[in-house]
$ cat target-v9.cif   # mmCIF, C-alpha atoms; chains and numbers go by the auth columns
data_upload
#
loop_
_atom_site.group_PDB
_atom_site.id
_atom_site.type_symbol
_atom_site.label_atom_id
_atom_site.label_comp_id
_atom_site.label_asym_id
_atom_site.label_seq_id
_atom_site.Cartn_x
_atom_site.Cartn_y
_atom_site.Cartn_z
_atom_site.B_iso_or_equiv
_atom_site.auth_seq_id
_atom_site.auth_asym_id
ATOM 1 C CA MET A 1 32.870 -43.359 90.659 0.00 15 A
ATOM 2 C CA SER A 2 31.522 -41.604 93.749 0.00 16 A
ATOM 3 C CA ILE A 3 29.609 -38.335 93.704 0.00 17 A
ATOM 4 C CA GLU A 4 32.645 -36.644 95.282 0.00 18 A
ATOM 5 C CA GLU A 5 34.748 -37.769 92.313 0.00 19 A
ATOM 6 C CA THR A 6 32.115 -36.663 89.775 0.00 20 A
ATOM 7 C CA TYR A 7 31.539 -33.175 91.122 0.00 21 A
ATOM 8 C CA LYS A 8 34.167 -30.698 92.274 0.00 22 A
ATOM 9 C CA GLN A 9 33.519 -28.902 95.525 0.00 23 A
ATOM 10 C CA TYR A 10 32.697 -25.196 95.324 0.00 24 A
ATOM 11 C CA GLU A 11 33.834 -23.055 98.240 0.00 25 A
ATOM 12 C CA ILE A 12 31.665 -20.069 99.173 0.00 26 A
ATOM 13 C CA ALA A 13 33.108 -16.714 100.218 0.00 27 A
ATOM 14 C CA TYR A 14 30.440 -14.722 102.028 0.00 28 A
ATOM 15 C CA ASN A 15 30.033 -11.044 101.244 0.00 29 A
ATOM 16 C CA SER A 16 30.155 -8.428 104.014 0.00 30 A
ATOM 17 C CA ILE A 17 26.938 -6.951 102.579 0.00 31 A
ATOM 18 C CA GLN A 18 23.944 -9.256 102.769 0.00 32 A
ATOM 19 C CA LEU A 19 20.600 -9.062 100.928 0.00 33 A
ATOM 20 C CA GLN A 20 17.535 -9.613 103.111 0.00 34 A
ATOM 21 C CA ASN A 21 13.754 -9.216 103.013 0.00 35 A
ATOM 22 C CA VAL A 22 13.258 -9.401 99.257 0.00 36 A
ATOM 23 C CA GLN A 23 9.675 -8.726 98.241 0.00 37 A
ATOM 24 C CA LEU A 24 7.484 -8.038 95.257 0.00 38 A
ATOM 25 C CA GLU A 25 6.538 -4.334 95.301 0.00 39 A
ATOM 26 C CA SER A 26 4.384 -3.983 92.181 0.00 40 A
ATOM 27 C CA LEU A 27 3.252 -5.812 89.091 0.00 41 A
ATOM 28 C CA ASN A 28 1.605 -4.849 85.837 0.00 42 A
ATOM 29 C CA CYS A 29 1.037 -7.673 83.379 0.00 43 A
ATOM 30 C CA VAL A 30 -0.672 -7.897 79.994 0.00 44 A
ATOM 31 C CA ASN A 31 -1.470 -11.269 78.399 0.00 45 A
ATOM 32 C CA ARG A 32 -2.181 -10.827 74.678 0.00 46 A
ATOM 33 C CA GLY A 33 -2.103 -14.566 73.951 0.00 47 A
ATOM 34 C CA ILE A 34 0.320 -16.702 71.976 0.00 48 A
ATOM 35 C CA ASN A 35 -1.445 -15.912 68.697 0.00 49 A
ATOM 36 C CA GLN A 36 0.155 -12.438 68.979 0.00 50 A
ATOM 37 C CA PHE A 37 3.648 -13.959 68.665 0.00 51 A
ATOM 38 C CA ASP A 38 5.796 -13.254 65.626 0.00 52 A
ATOM 39 C CA ASP A 39 9.139 -15.115 65.435 0.00 53 A
ATOM 40 C CA LYS A 40 10.844 -11.934 64.197 0.00 54 A
ATOM 41 C CA THR A 41 9.798 -9.863 67.216 0.00 55 A
ATOM 42 C CA GLU A 42 12.527 -9.536 69.833 0.00 56 A
ATOM 43 C CA LEU A 43 11.951 -9.682 73.553 0.00 57 A
ATOM 44 C CA ASP A 44 12.231 -6.229 75.184 0.00 58 A
ATOM 45 C CA LEU A 45 14.202 -6.144 78.422 0.00 59 A
ATOM 46 C CA GLU A 46 14.872 -2.999 80.470 0.00 60 A
ATOM 47 C CA PHE A 47 16.177 -2.477 83.991 0.00 61 A
ATOM 48 C CA PHE A 48 15.774 0.543 86.252 0.00 62 A
ATOM 49 C CA ARG A 49 17.411 0.644 89.671 0.00 63 A
ATOM 50 C CA LYS A 50 17.048 2.741 92.789 0.00 64 A
ATOM 51 C CA VAL A 51 18.877 2.824 96.124 0.00 65 A
ATOM 52 C CA ASP A 52 17.514 4.479 99.270 0.00 66 A
ATOM 53 C CA LEU A 53 20.246 4.753 101.882 0.00 67 A
ATOM 54 C CA GLU A 54 18.648 4.337 105.317 0.00 68 A
ATOM 55 C CA ASN A 55 21.896 4.911 107.242 0.00 69 A
ATOM 56 C CA GLU A 56 25.588 3.959 106.956 0.00 70 A
ATOM 57 C CA THR A 57 24.882 0.224 107.164 0.00 71 A
ATOM 58 C CA GLU A 58 21.370 -0.244 105.721 0.00 72 A
ATOM 59 C CA ALA A 59 19.916 0.485 102.299 0.00 73 A
ATOM 60 C CA LYS A 60 16.721 -0.429 100.477 0.00 74 A
ATOM 61 C CA ILE A 61 17.279 -1.379 96.838 0.00 75 A
ATOM 62 C CA TYR A 62 14.704 -1.566 94.041 0.00 76 A
ATOM 63 C CA LEU A 63 14.776 -3.174 90.613 0.00 77 A
ATOM 64 C CA LYS A 64 12.062 -2.323 88.110 0.00 78 A
ATOM 65 C CA THR A 65 12.116 -4.649 85.115 0.00 79 A
ATOM 66 C CA ILE A 66 10.130 -4.414 81.913 0.00 80 A
ATOM 67 C CA VAL A 67 10.156 -7.679 80.000 0.00 81 A
ATOM 68 C CA GLY A 68 8.032 -8.777 77.072 0.00 82 A
ATOM 69 C CA PHE A 69 6.869 -7.216 73.856 0.00 83 A
ATOM 70 C CA LYS A 70 5.962 -3.540 73.932 0.00 84 A
ATOM 71 C CA GLU A 71 4.385 -3.245 70.493 0.00 85 A
ATOM 72 C CA LYS A 72 3.157 -6.652 69.396 0.00 86 A
ATOM 73 C CA GLY A 73 3.655 -9.931 71.179 0.00 87 A
ATOM 74 C CA PRO A 74 2.108 -12.326 73.675 0.00 88 A
ATOM 75 C CA PHE A 75 2.891 -10.470 76.906 0.00 89 A
ATOM 76 C CA LEU A 76 4.337 -7.440 78.628 0.00 90 A
ATOM 77 C CA ILE A 77 5.350 -7.587 82.288 0.00 91 A
ATOM 78 C CA GLU A 78 6.460 -4.672 84.450 0.00 92 A
ATOM 79 C CA VAL A 79 7.594 -5.819 87.862 0.00 93 A
ATOM 80 C CA VAL A 80 9.345 -4.141 90.797 0.00 94 A
ATOM 81 C CA TYR A 81 11.220 -6.080 93.467 0.00 95 A
ATOM 82 C CA SER A 82 12.904 -4.609 96.532 0.00 96 A
ATOM 83 C CA GLY A 83 15.338 -5.852 99.108 0.00 97 A
ATOM 84 C CA GLU A 84 17.354 -4.639 102.057 0.00 98 A
ATOM 85 C CA CYS A 85 21.140 -4.561 102.007 0.00 99 A
ATOM 86 C CA ASN A 86 22.846 -4.724 105.382 0.00 100 A
ATOM 87 C CA LEU A 87 26.533 -4.075 105.958 0.00 101 A
ATOM 88 C CA LEU A 88 27.920 -6.578 108.463 0.00 102 A
ATOM 89 C CA VAL A 89 31.510 -5.276 108.605 0.00 103 A
ATOM 90 C CA ASP A 90 32.017 -1.623 109.535 0.00 104 A
ATOM 91 C CA ASP A 91 35.358 -1.187 107.742 0.00 105 A
ATOM 92 C CA GLU A 92 33.660 -0.952 104.330 0.00 106 A
ATOM 93 C CA VAL A 93 31.262 1.925 105.054 0.00 107 A
ATOM 94 C CA GLN A 94 32.811 4.297 102.486 0.00 108 A
ATOM 95 C CA ASN A 95 31.855 1.995 99.581 0.00 109 A
ATOM 96 C CA PHE A 96 28.448 0.839 100.846 0.00 110 A
ATOM 97 C CA LYS A 97 26.164 3.092 98.740 0.00 111 A
ATOM 98 C CA ASP A 98 28.303 2.595 95.639 0.00 112 A
ATOM 99 C CA TYR A 99 28.261 -1.173 96.148 0.00 113 A
ATOM 100 C CA CYS A 100 24.472 -1.221 96.569 0.00 114 A
ATOM 101 C CA ASP A 101 23.943 0.867 93.431 0.00 115 A
ATOM 102 C CA LYS A 102 26.127 -1.405 91.329 0.00 116 A
ATOM 103 C CA GLN A 103 24.681 -4.630 92.740 0.00 117 A
ATOM 104 C CA VAL A 104 20.933 -3.955 92.420 0.00 118 A
ATOM 105 C CA VAL A 105 20.600 -5.930 89.173 0.00 119 A
ATOM 106 C CA PRO A 106 22.849 -8.885 90.107 0.00 120 A
ATOM 107 C CA LEU A 107 21.167 -9.208 93.523 0.00 121 A
ATOM 108 C CA LEU A 108 17.504 -8.927 92.468 0.00 122 A
ATOM 109 C CA LEU A 109 17.590 -10.372 88.925 0.00 123 A
ATOM 110 C CA PRO A 110 17.246 -13.996 90.120 0.00 124 A
ATOM 111 C CA TYR A 111 13.916 -13.072 91.735 0.00 125 A
ATOM 112 C CA ILE A 112 12.746 -11.365 88.534 0.00 126 A
ATOM 113 C CA ARG A 113 13.845 -14.344 86.411 0.00 127 A
ATOM 114 C CA GLU A 114 11.908 -16.839 88.565 0.00 128 A
ATOM 115 C CA PHE A 115 8.869 -14.559 88.725 0.00 129 A
ATOM 116 C CA VAL A 116 8.689 -14.122 84.937 0.00 130 A
ATOM 117 C CA SER A 117 9.097 -17.851 84.308 0.00 131 A
ATOM 118 C CA ASN A 118 6.415 -18.764 86.842 0.00 132 A
ATOM 119 C CA THR A 119 4.003 -16.060 85.608 0.00 133 A
ATOM 120 C CA LEU A 120 4.329 -17.099 81.957 0.00 134 A
ATOM 121 C CA SER A 121 3.621 -20.695 82.926 0.00 135 A
ATOM 122 C CA ARG A 122 0.489 -19.651 84.818 0.00 136 A
ATOM 123 C CA MET A 123 -0.668 -17.661 81.767 0.00 137 A
ATOM 124 C CA SER A 124 -0.234 -20.789 79.580 0.00 138 A
ATOM 125 C CA LEU A 125 2.443 -19.042 77.523 0.00 139 A
ATOM 126 C CA PRO A 126 5.774 -20.527 76.445 0.00 140 A
ATOM 127 C CA ASN A 127 8.713 -19.727 78.694 0.00 141 A
ATOM 128 C CA PHE A 128 10.660 -16.801 77.272 0.00 142 A
ATOM 129 C CA THR A 129 13.902 -16.899 79.230 0.00 143 A
ATOM 130 C CA ILE A 130 15.550 -13.675 80.335 0.00 144 A
ATOM 131 C CA PRO A 131 19.010 -13.803 78.736 0.00 145 A
ATOM 132 C CA THR A 132 22.007 -14.544 80.917 0.00 146 A
ATOM 133 C CA ILE A 133 23.768 -11.338 81.812 0.00 147 A
ATOM 134 C CA ASP A 134 27.533 -10.794 81.975 0.00 148 A
ATOM 135 C CA VAL A 135 27.728 -9.089 85.368 0.00 149 A
ATOM 136 C CA VAL A 136 31.333 -7.885 84.972 0.00 150 A
ATOM 137 C CA ALA A 137 30.790 -6.429 81.468 0.00 151 A
ATOM 138 C CA SER A 138 27.542 -4.789 82.626 0.00 152 A
ATOM 139 C CA TYR A 139 29.362 -3.279 85.607 0.00 153 A
ATOM 140 C CA ILE A 140 32.021 -1.790 83.317 0.00 154 A
ATOM 141 C CA LYS A 141 29.442 -0.486 80.842 0.00 155 A
ATOM 142 C CA ASN A 142 27.397 1.184 83.589 0.00 156 A
ATOM 143 C CA GLU A 143 30.536 2.609 85.206 0.00 157 A
ATOM 144 C CA GLU A 144 31.462 4.264 81.890 0.00 158 A
ATOM 145 C CA PHE A 145 27.899 5.610 81.548 0.00 159 A
ATOM 146 C CA THR A 146 27.996 7.013 85.095 0.00 160 A
ATOM 147 C CA ASN A 147 31.331 8.735 84.421 0.00 161 A
ATOM 148 C CA LEU A 148 29.916 10.390 81.274 0.00 162 A
ATOM 149 C CA ASP A 149 27.011 11.760 83.303 0.00 163 A
ATOM 150 C CA GLU A 150 29.390 13.354 85.813 0.00 164 A
ATOM 151 C CA ASP A 151 31.395 15.284 83.160 0.00 165 A
#
$ encode --input "target-v9.cif" --output "structure tokens"
Amino acid sequence: MSIEETYKQYEIAYNSIQLQNVQLESLNCVNRGINQFDDKTELDLEFFRKVDLENETEAKIYLKTIVGFKEKGPFLIEVVYSGECNLLVDDEVQNFKDYCDKQVVPLLLPYIREFVSNTLSRMSLPNFTIPTIDVVASYIKNEEFTNLDED
């Protein structure tokens, strides 16, 4: 059986809004050591997002993530990543800011996930994986929350 028969091809549809220039903005990290780990303690995970619209086709997005154990546990990491969103097709200008606001977490979370994994390894701590997120359900939940704020 050839590799083409084993794997199915996956076609990519490019988005009209592209993420560029992702960078680490800030980091605050506490290593308390593995002896501070209690199996009953749950990993804290919080996201905070921000969008600065530069103009009709460019925006700077920010994702601040707090991951770890706030009270008692081996680590607490607070990290901020940023990126630039650029609109390549002018016919979608009316939804650009809204799109950027809703896509901050899905766009920047992979960078946070890799950063946390790499940092924990360098601190000689076990890898605590950031849970997989249901992007569609999160979108709906945040849309409902936004609508409540507007009432």
$ atom_distance --input "target-v9.cif" --atom1 "CA of Glu39 (chain A)" --atom2 "CA of Val149 (chain A)"
23.9 Å
$ resolve_selection --input "target-v9.cif" --expression "the PyMOL selection byres ((chain A and resi 93) around 7)" --output "PyMOL selection string"
chain A and resi 40-42+78-80+91-92+94-95
$ atom_distance --input "target-v9.cif" --atom1 "CA of Leu67 (chain A)" --atom2 "CA of Leu121 (chain A)"
16.3 Å
$ closest_residue --input "target-v9.cif" --among "A:Asp148, A:Glu85, A:Glu19, A:Asp112" --to "Thr55 (chain A)" --atoms "all atoms listed in the file"
A:Glu85
$ resolve_selection --input "target-v9.cif" --expression "the PyMOL selection byres ((chain A and resi 62) around 6)" --output "JSON, numbers by chain"
{"A": [61, 63, 77, 78]}
$ resolve_selection --input "target-v9.cif" --expression "the PyMOL selection byres ((chain A and resi 111) around 10)" --output "list in words"
Val65, Asp66, Leu67, Asn69, Glu70, Thr71, Glu72, Ala73, Cys99, Val107, Gln108, Asn109, Phe110, Asp112, Tyr113, Cys114, Asp115, Lys116 and Gln117 of chain A
$ closest_residue --input "target-v9.cif" --among "A:Tyr125, A:Tyr28, A:Phe89, A:Tyr21" --to "Val103 (chain A)" --atoms "all atoms listed in the file"
A:Tyr28
$ closest_residue --input "target-v9.cif" --among "A:Ser131, A:Val36, A:Tyr24, A:Ile48" --to "Lys86 (chain A)" --atoms "all atoms listed in the file"
A:Ile48
